[in-house]
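Structure file structure-v1.cif; described as mmCIF, C-alpha atoms.
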data_structure
#
loop_
_atom_site.label_atom_id
_atom_site.label_comp_id
_atom_site.auth_asym_id
_atom_site.auth_seq_id
_atom_site.Cartn_x
_atom_site.Cartn_y
_atom_site.Cartn_z
CA MET A 1 107.53 147.45 37.38
CA SER A 2 108.25 150.48 39.59
CA ASP A 3 107.03 153.21 37.21
CA HIS A 4 103.74 153.22 39.13
CA PRO A 5 103.63 154.50 42.70
CA TYR A 6 101.57 151.55 43.94
CA ALA A 7 101.83 147.81 43.42
CA LEU A 8 98.14 147.49 44.34
CA GLU A 9 95.47 150.16 44.54
CA LEU A 10 91.78 149.86 45.40
CA VAL A 11 89.76 152.98 44.55
CA ASP A 12 86.21 153.34 45.95
CA VAL A 13 85.65 149.58 45.69
CA CYS A 14 82.13 148.37 46.50
CA LYS A 15 80.68 144.86 46.36
CA ASN A 16 77.00 144.06 46.87
CA PHE A 17 75.53 140.57 47.19
CA SER A 18 71.74 140.62 46.70
CA GLY A 19 71.50 144.07 48.24
CA ILE A 20 73.91 143.34 51.10
CA GLN A 21 77.00 145.57 51.01
CA ALA A 22 80.01 143.33 51.64
CA SER A 23 82.47 146.10 50.76
CA GLN A 24 81.75 149.83 50.84
CA ASN A 25 84.06 152.47 49.35
CA ILE A 26 87.30 150.67 50.13
CA ASN A 27 90.42 152.73 49.34
CA ILE A 28 93.75 150.98 49.81
CA GLN A 29 97.19 151.87 48.43
CA VAL A 30 99.96 149.29 48.77
CA GLU A 31 103.48 150.35 47.83
CA GLU A 32 105.92 148.02 46.09
CA ASN A 33 107.79 145.72 48.53
CA GLN A 34 105.49 146.75 51.39
CA ILE A 35 103.98 144.31 53.88
CA TYR A 36 100.40 145.53 54.27
CA GLY A 37 97.82 144.23 56.75
CA ILE A 38 94.04 144.16 56.59
CA ILE A 39 92.41 143.23 59.88
CA GLY A 40 88.92 143.01 61.27
CA PRO A 41 86.64 140.59 63.08
CA ASN A 42 85.20 137.52 61.35
CA GLY A 43 82.60 138.57 58.79
CA ALA A 44 84.17 142.02 58.37
CA GLY A 45 84.64 141.54 54.62
CA LYS A 46 88.37 140.74 54.51
CA THR A 47 88.18 137.62 52.33
CA THR A 48 85.73 139.40 50.01
CA LEU A 49 88.51 141.91 49.28
CA PHE A 50 90.93 139.12 48.32
CA ASN A 51 88.25 137.57 46.11
CA LEU A 52 87.77 140.92 44.37
CA ILE A 53 91.53 141.40 43.83
CA THR A 54 92.02 137.86 42.43
CA GLY A 55 88.99 137.98 40.13
CA VAL A 56 86.73 135.53 41.97
CA TYR A 57 84.11 138.31 42.01
CA PRO A 58 83.94 141.50 39.94
CA PRO A 59 83.40 144.63 42.06
CA THR A 60 79.95 146.24 41.86
CA SER A 61 81.76 149.57 41.41
CA GLY A 62 85.22 151.05 41.81
CA SER A 63 88.66 150.26 40.42
CA ILE A 64 91.39 147.73 41.27
CA LEU A 65 94.83 148.47 39.83
CA PHE A 66 97.99 146.35 39.77
CA TYR A 67 100.99 148.55 38.93
CA GLY A 68 98.59 151.00 37.31
CA GLN A 69 96.79 148.38 35.18
CA HIS A 70 93.05 147.94 35.73
CA ILE A 71 92.34 144.34 36.73
CA GLU A 72 88.77 144.61 38.04
CA GLY A 73 86.57 142.11 36.20
CA MET A 74 89.57 140.32 34.65
CA GLU A 75 89.55 136.49 34.57
CA ILE A 76 91.22 134.67 37.49
CA HIS A 77 93.97 133.00 35.41
CA LYS A 78 94.88 136.27 33.69
CA ILE A 79 95.26 138.03 37.05
CA ALA A 80 97.49 135.15 38.21
CA GLN A 81 99.61 135.47 35.05
CA LEU A 82 100.19 139.16 35.81
CA GLY A 83 101.93 138.08 39.04
CA ILE A 84 99.33 137.90 41.81
CA ALA A 85 99.28 134.75 43.95
CA ARG A 86 97.38 133.90 47.11
CA THR A 87 97.44 131.44 49.96
CA PHE A 88 94.25 130.22 51.60
CA GLN A 89 92.97 129.97 55.14
CA ASN A 90 92.45 126.24 54.60
CA ILE A 91 95.84 124.82 53.59
CA ARG A 92 95.81 123.58 49.99
CA LEU A 93 98.74 121.22 49.49
CA PHE A 94 99.08 117.92 47.64
CA ASP A 95 99.25 115.60 50.66
CA ASP A 96 100.46 112.59 48.65
CA LEU A 97 103.38 114.53 47.11
CA THR A 98 106.67 115.39 48.80
CA VAL A 99 107.57 118.93 49.87
CA TYR A 100 109.83 119.25 46.79
CA GLU A 101 107.15 117.89 44.44
CA ASN A 102 104.61 120.35 45.84
CA VAL A 103 106.93 123.25 45.01
CA LEU A 104 107.82 121.81 41.60
CA THR A 105 104.15 121.50 40.57
CA ALA A 106 103.63 125.18 41.45
CA TYR A 107 106.68 126.07 39.32
CA GLN A 108 105.35 124.26 36.20
CA ASP A 109 103.75 127.39 34.70
CA ASN A 110 107.25 128.84 34.22
CA LEU A 111 108.26 125.98 31.89
CA THR A 112 107.95 126.64 28.14
CA TYR A 113 109.17 123.41 26.51
CA THR A 114 106.70 121.46 24.36
CA PHE A 115 105.24 117.99 24.80
CA TRP A 116 107.54 116.62 22.09
CA GLU A 117 110.59 118.27 23.63
CA ALA A 118 109.78 116.46 26.85
CA ILE A 119 109.29 113.13 25.02
CA PHE A 120 112.64 113.41 23.21
CA LYS A 121 114.37 115.06 26.20
CA THR A 122 115.82 117.85 24.06
CA ARG A 123 118.46 120.25 25.28
CA ARG A 124 115.84 122.95 26.02
CA TYR A 125 113.84 120.43 28.05
CA ARG A 126 116.93 119.34 30.03
CA GLU A 127 118.03 122.93 30.69
CA GLN A 128 114.58 124.01 31.92
CA GLU A 129 114.19 120.93 34.12
CA LYS A 130 117.63 121.57 35.64
CA GLN A 131 116.74 125.21 36.30
CA ALA A 132 113.38 124.22 37.84
CA ARG A 133 115.11 121.84 40.22
CA GLU A 134 117.73 124.44 41.20
CA VAL A 135 115.16 127.21 41.78
CA CYS A 136 112.83 125.00 43.86
CA LEU A 137 115.62 123.57 46.03
CA ASP A 138 117.17 127.02 46.51
CA ILE A 139 113.89 128.47 47.79
CA LEU A 140 113.35 125.49 50.11
CA ARG A 141 116.86 126.03 51.46
CA ARG A 142 116.25 129.73 52.07
CA VAL A 143 112.99 129.24 53.97
CA GLY A 144 114.27 126.34 56.08
CA LEU A 145 112.41 123.46 54.41
CA TYR A 146 115.33 121.90 52.50
CA ASP A 147 115.87 119.08 55.02
CA GLN A 148 112.16 118.17 54.71
CA ARG A 149 112.19 118.15 50.86
CA ASP A 150 111.56 114.38 50.57
CA MET A 151 108.90 114.28 53.29
CA HIS A 152 105.24 114.03 52.32
CA ALA A 153 103.50 117.38 52.79
CA ASN A 154 100.90 115.99 55.21
CA LYS A 155 103.68 114.76 57.53
CA LEU A 156 105.01 118.28 58.10
CA PRO A 157 104.18 120.10 61.34
CA TYR A 158 101.35 122.58 60.88
CA GLY A 159 103.55 125.70 60.86
CA GLN A 160 105.79 124.21 58.17
CA GLN A 161 102.76 123.31 56.03
CA ARG A 162 101.81 127.00 56.13
CA ARG A 163 105.37 127.89 55.15
CA LEU A 164 105.27 125.43 52.24
CA GLU A 165 102.07 127.01 50.97
CA ILE A 166 103.78 130.42 50.91
CA VAL A 167 106.73 128.89 49.00
CA ARG A 168 104.31 127.47 46.41
CA ALA A 169 102.93 130.98 45.85
CA LEU A 170 106.45 132.37 45.63
CA VAL A 171 107.78 130.01 42.93
CA THR A 172 105.03 131.04 40.51
CA GLY A 173 107.09 134.22 40.08
CA ALA A 174 104.47 136.30 41.90
CA LYS A 175 105.17 139.99 42.47
CA LEU A 176 102.25 140.30 44.93
CA ILE A 177 101.31 137.58 47.41
CA LEU A 178 97.97 137.74 49.23
CA MET A 179 98.05 135.73 52.47
CA ASP A 180 94.68 134.71 53.89
CA GLU A 181 94.92 134.11 57.67
CA PRO A 182 98.49 132.70 57.52
CA ALA A 183 98.70 132.47 61.32
CA ALA A 184 95.39 130.58 61.72
CA GLY A 185 95.79 127.67 64.15
CA MET A 186 99.37 128.54 65.09
CA ASN A 187 100.83 128.66 68.57
CA GLU A 188 102.96 131.57 69.76
CA GLU A 189 106.27 130.03 68.67
CA GLU A 190 104.97 129.15 65.20
CA SER A 191 103.54 132.67 64.81
CA ALA A 192 106.93 134.19 65.67
CA GLU A 193 108.66 131.93 63.11
CA LEU A 194 106.06 132.86 60.50
CA SER A 195 106.63 136.57 61.13
CA ALA A 196 110.36 136.13 60.54
CA ILE A 197 109.76 134.10 57.35
CA ILE A 198 107.34 136.70 55.92
CA LYS A 199 109.89 139.50 56.45
CA GLN A 200 112.66 137.36 54.96
CA ILE A 201 110.58 136.50 51.86
CA ARG A 202 109.81 140.18 51.27
CA ASP A 203 113.49 141.14 51.60
CA ASP A 204 115.00 138.20 49.67
CA PHE A 205 112.52 138.01 46.81
CA HIS A 206 111.39 141.67 46.60
CA VAL A 207 107.70 140.79 46.65
CA THR A 208 104.81 142.88 47.94
CA ILE A 209 102.74 141.09 50.59
CA VAL A 210 99.18 141.77 51.75
CA ILE A 211 97.97 139.82 54.80
CA ILE A 212 94.44 139.49 56.13
CA ASP A 213 94.00 138.11 59.61
CA HIS A 214 91.98 138.58 62.75
CA HIS A 215 94.98 137.58 64.87
CA MET A 216 96.78 140.74 65.92
CA ASP A 217 100.24 139.38 66.79
CA VAL A 218 101.62 138.56 63.33
CA ILE A 219 99.97 141.60 61.70
CA MET A 220 101.33 144.01 64.33
CA GLU A 221 104.78 142.42 64.09
CA VAL A 222 105.28 142.49 60.30
CA CYS A 223 102.97 145.06 58.68
CA GLU A 224 104.13 148.60 57.98
CA THR A 225 100.62 149.82 57.25
CA ILE A 226 97.36 148.34 58.52
CA THR A 227 93.77 148.92 57.41
CA VAL A 228 90.95 147.92 59.74
CA VAL A 229 87.61 146.89 58.22
CA ASN A 230 84.33 146.21 59.97
CA PHE A 231 80.99 145.31 58.33
CA GLY A 232 82.59 145.97 54.93
CA GLN A 233 83.65 149.51 55.81
CA MET A 234 87.07 150.98 56.52
CA LEU A 235 87.45 152.05 60.14
CA ALA A 236 91.06 153.22 60.10
CA SER A 237 94.42 153.01 58.35
CA GLY A 238 97.89 153.67 59.69
CA THR A 239 100.86 152.14 61.47
CA ALA A 240 100.39 149.43 64.10
CA GLU A 241 100.67 152.05 66.85
CA GLU A 242 98.14 154.40 65.23
CA VAL A 243 95.63 151.61 64.67
CA GLN A 244 96.00 150.25 68.23
CA GLU A 245 95.35 153.71 69.66
CA ASN A 246 92.36 154.49 67.42
CA GLN A 247 89.25 154.71 69.60
CA GLU A 248 86.88 153.48 66.86
CA VAL A 249 89.03 150.41 66.36
CA ILE A 250 89.20 149.74 70.09
CA ASP A 251 85.41 150.03 70.40
CA ALA A 252 84.56 147.93 67.35
CA TYR A 253 87.27 145.33 67.46
CA LEU A 254 89.67 145.14 70.36
CA GLY A 255 86.99 145.61 73.01
CA VAL A 256 87.10 148.35 75.63
CA GLU A 257 89.20 147.65 78.74
#
Please, can you express the file's structure as structure tokens?
Amino acid sequence: MSDHPYALELVDVCKNFSGIQASQNINIQVEENQIYGIIGPNGAGKTTLFNLITGVYPPTSGSILFYGQHIEGMEIHKIAQLGIARTFQNIRLFDDLTVYENVLTAYQDNLTYTFWEAIFKTRRYREQEKQAREVCLDILRRVGLYDQRDMHANKLPYGQQRRLEIVRALVTGAKLILMDEPAAGMNEEESAELSAIIKQIRDDFHVTIVIIDHHMDVIMEVCETITVVNFGQMLASGTAEEVQENQEVIDAYLGVE
């Protein structure tokens, strides 16, 4: 995959809704295996960007490239098949399934055996089911959810539900994971744990991660590059230090001391 300099690239992306500009000339370049942050106040246009990348909306103009391939205007399921997964601000788990079953259902798209092979429990069926179980349990072990594997998802503490949602995105085989407000509703300790997990997932599974949030702590802790948006426009891009010291960002977002 690394023949292209960027895992994700947005070039002059604009999105208008009935004359209202939700995104204006957005230019973002995310390198492979990078953890990239997009921050801005509520209503700044962050979620619109994720919806454009994942095919929920087509851009009004501009290009969106995934490893050099144009994906703007592509159907949602085709973008997912290329290896882009996302988590949502509102947790989307199967409450009546266990932690393990939640991960296994997300893994199903990787299985290639037929209906009849499943009925007759052929060798290919048995091998793929065994591999699915091993992969799912291994990931749960590595992110610290193995001991909770038989617990129903809705019985998990809030921070662990967030972690489970990230695992579900991971087992699809995603090469790029978009995380929408992963720290929403978390206390300081949970946020610190989440930061460690995000770094670990990037290092262990060699995925590229883009996070949008209006909470500064997790973004500043984990992201190597941060873009600030406000009213659909880019205010600044740079390291955490550069963004924190940018006067426009301070005025528009952090508030002046």
Notebook entry, point to check: Which residue gives the smallest distance to Gln34 in chain A among A:Arg123, A:Arg133, A:His70, A:Arg202, with all atoms listed in the file counted?
Noted result: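 Going through A:Arg123, A:Arg133, A:His70, A:Arg202 one by one, the smallest distance to Gln34 in chain A is for A:Arg202.
For the structure in this document, the set picked by the PyMOL selection byres ((chain A and resi 47-61) around 8) is A:Asp12, A:Val13, A:Cys14, A:Lys15, A:Asn16, A:Ala22, A:Ser23, A:Gly45, A:Lys46, A:Gly62, A:Ser63, A:Ile64, A:Ile71, A:Glu72, A:Gly73, A:Met74, A:Glu75, A:Ile76, A:Ile79, A:Ala80, A:Ile84, A:Leu178, A:Asp180, A:Ile212.
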Checklist line | From A:Glu117, A:Glu181, A:Glu188, A:Asp95, residue lying nearest Asn42 in chain A [only C-alpha atoms] | finding: A:Glu181
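Note on the selection: in this file the PyMOL selection byres ((chain A and resi 226-230) around 7) comes out as Tyr36, Gly37, Ile38, Ile39, Gly40, Pro41, Ala44, Cys223, Glu224, Thr225, Phe231, Gly232, Gln233, Met234, Leu235, Ala236, Ser237, Gly238, Thr239 and Ala240 of chain A.
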Checklist line | Option closest in space to Tyr67 in chain A, from A:Arg163, A:Lys175, A:His4, A:Lys121 [counting all atoms listed in the file] | finding: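 The shortest atom-to-atom distance to Tyr67 in chain A comes from A:His4.
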Margin query: Rounded to one decimal, what separation in Å do you get between CA of Glu9 in chain A and CA of Leu82 in chain A?
Written below: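 Calculated distance between CA of Glu9 in chain A and CA of Leu82 in chain A is 14.8 Å.
This file gives the following result for the PyMOL selection byres ((chain A and resi 33) around 7): A:Glu31, A:Glu32, A:Gln34, A:Ile35, A:Arg202, A:His206, A:Val207, A:Thr208.
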Using the selection just defined, write its residues with C-alpha atoms as a CSV table (one decimal), keeping the file's coordinate frame.
chain,number,residue,atom,x,y,z
A,31,GLU,CA,103.5,150.4,47.8
A,32,GLU,CA,105.9,148.0,46.1
A,34,GLN,CA,105.5,146.8,51.4
A,35,ILE,CA,104.0,144.3,53.9
A,202,ARG,CA,109.8,140.2,51.3
A,206,HIS,CA,111.4,141.7,46.6
A,207,VAL,CA,107.7,140.8,46.6
A,208,THR,CA,104.8,142.9,47.9
Checklist line | Which of A:Tyr107, A:Ile209, A:Ala184, A:Gln244 sits closest to Glu134 in chain A [using only C-alpha atoms] | finding: A:Tyr107
Next item on the list: Go through A:Ile197, A:Leu176, A:Ser18, A:Ser191 one by one, measure the shortest atom-to-atom distance of each to Met220 in chain A using only C-alpha atoms, and give the residue with the smallest value.
Entry: A:Ser191
Next item on the list: For CA of Gln81 in chain A and CA of Asp203 in chain A, determine how far apart the two atoms are, in Å to one decimal place.
Entry: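 Separation between CA of Gln81 in chain A and CA of Asp203 in chain A: 22.3 Å.
Between CA of Trp116 in chain A and CA of Gln131 in chain A lies a distance of 19.0 Å.
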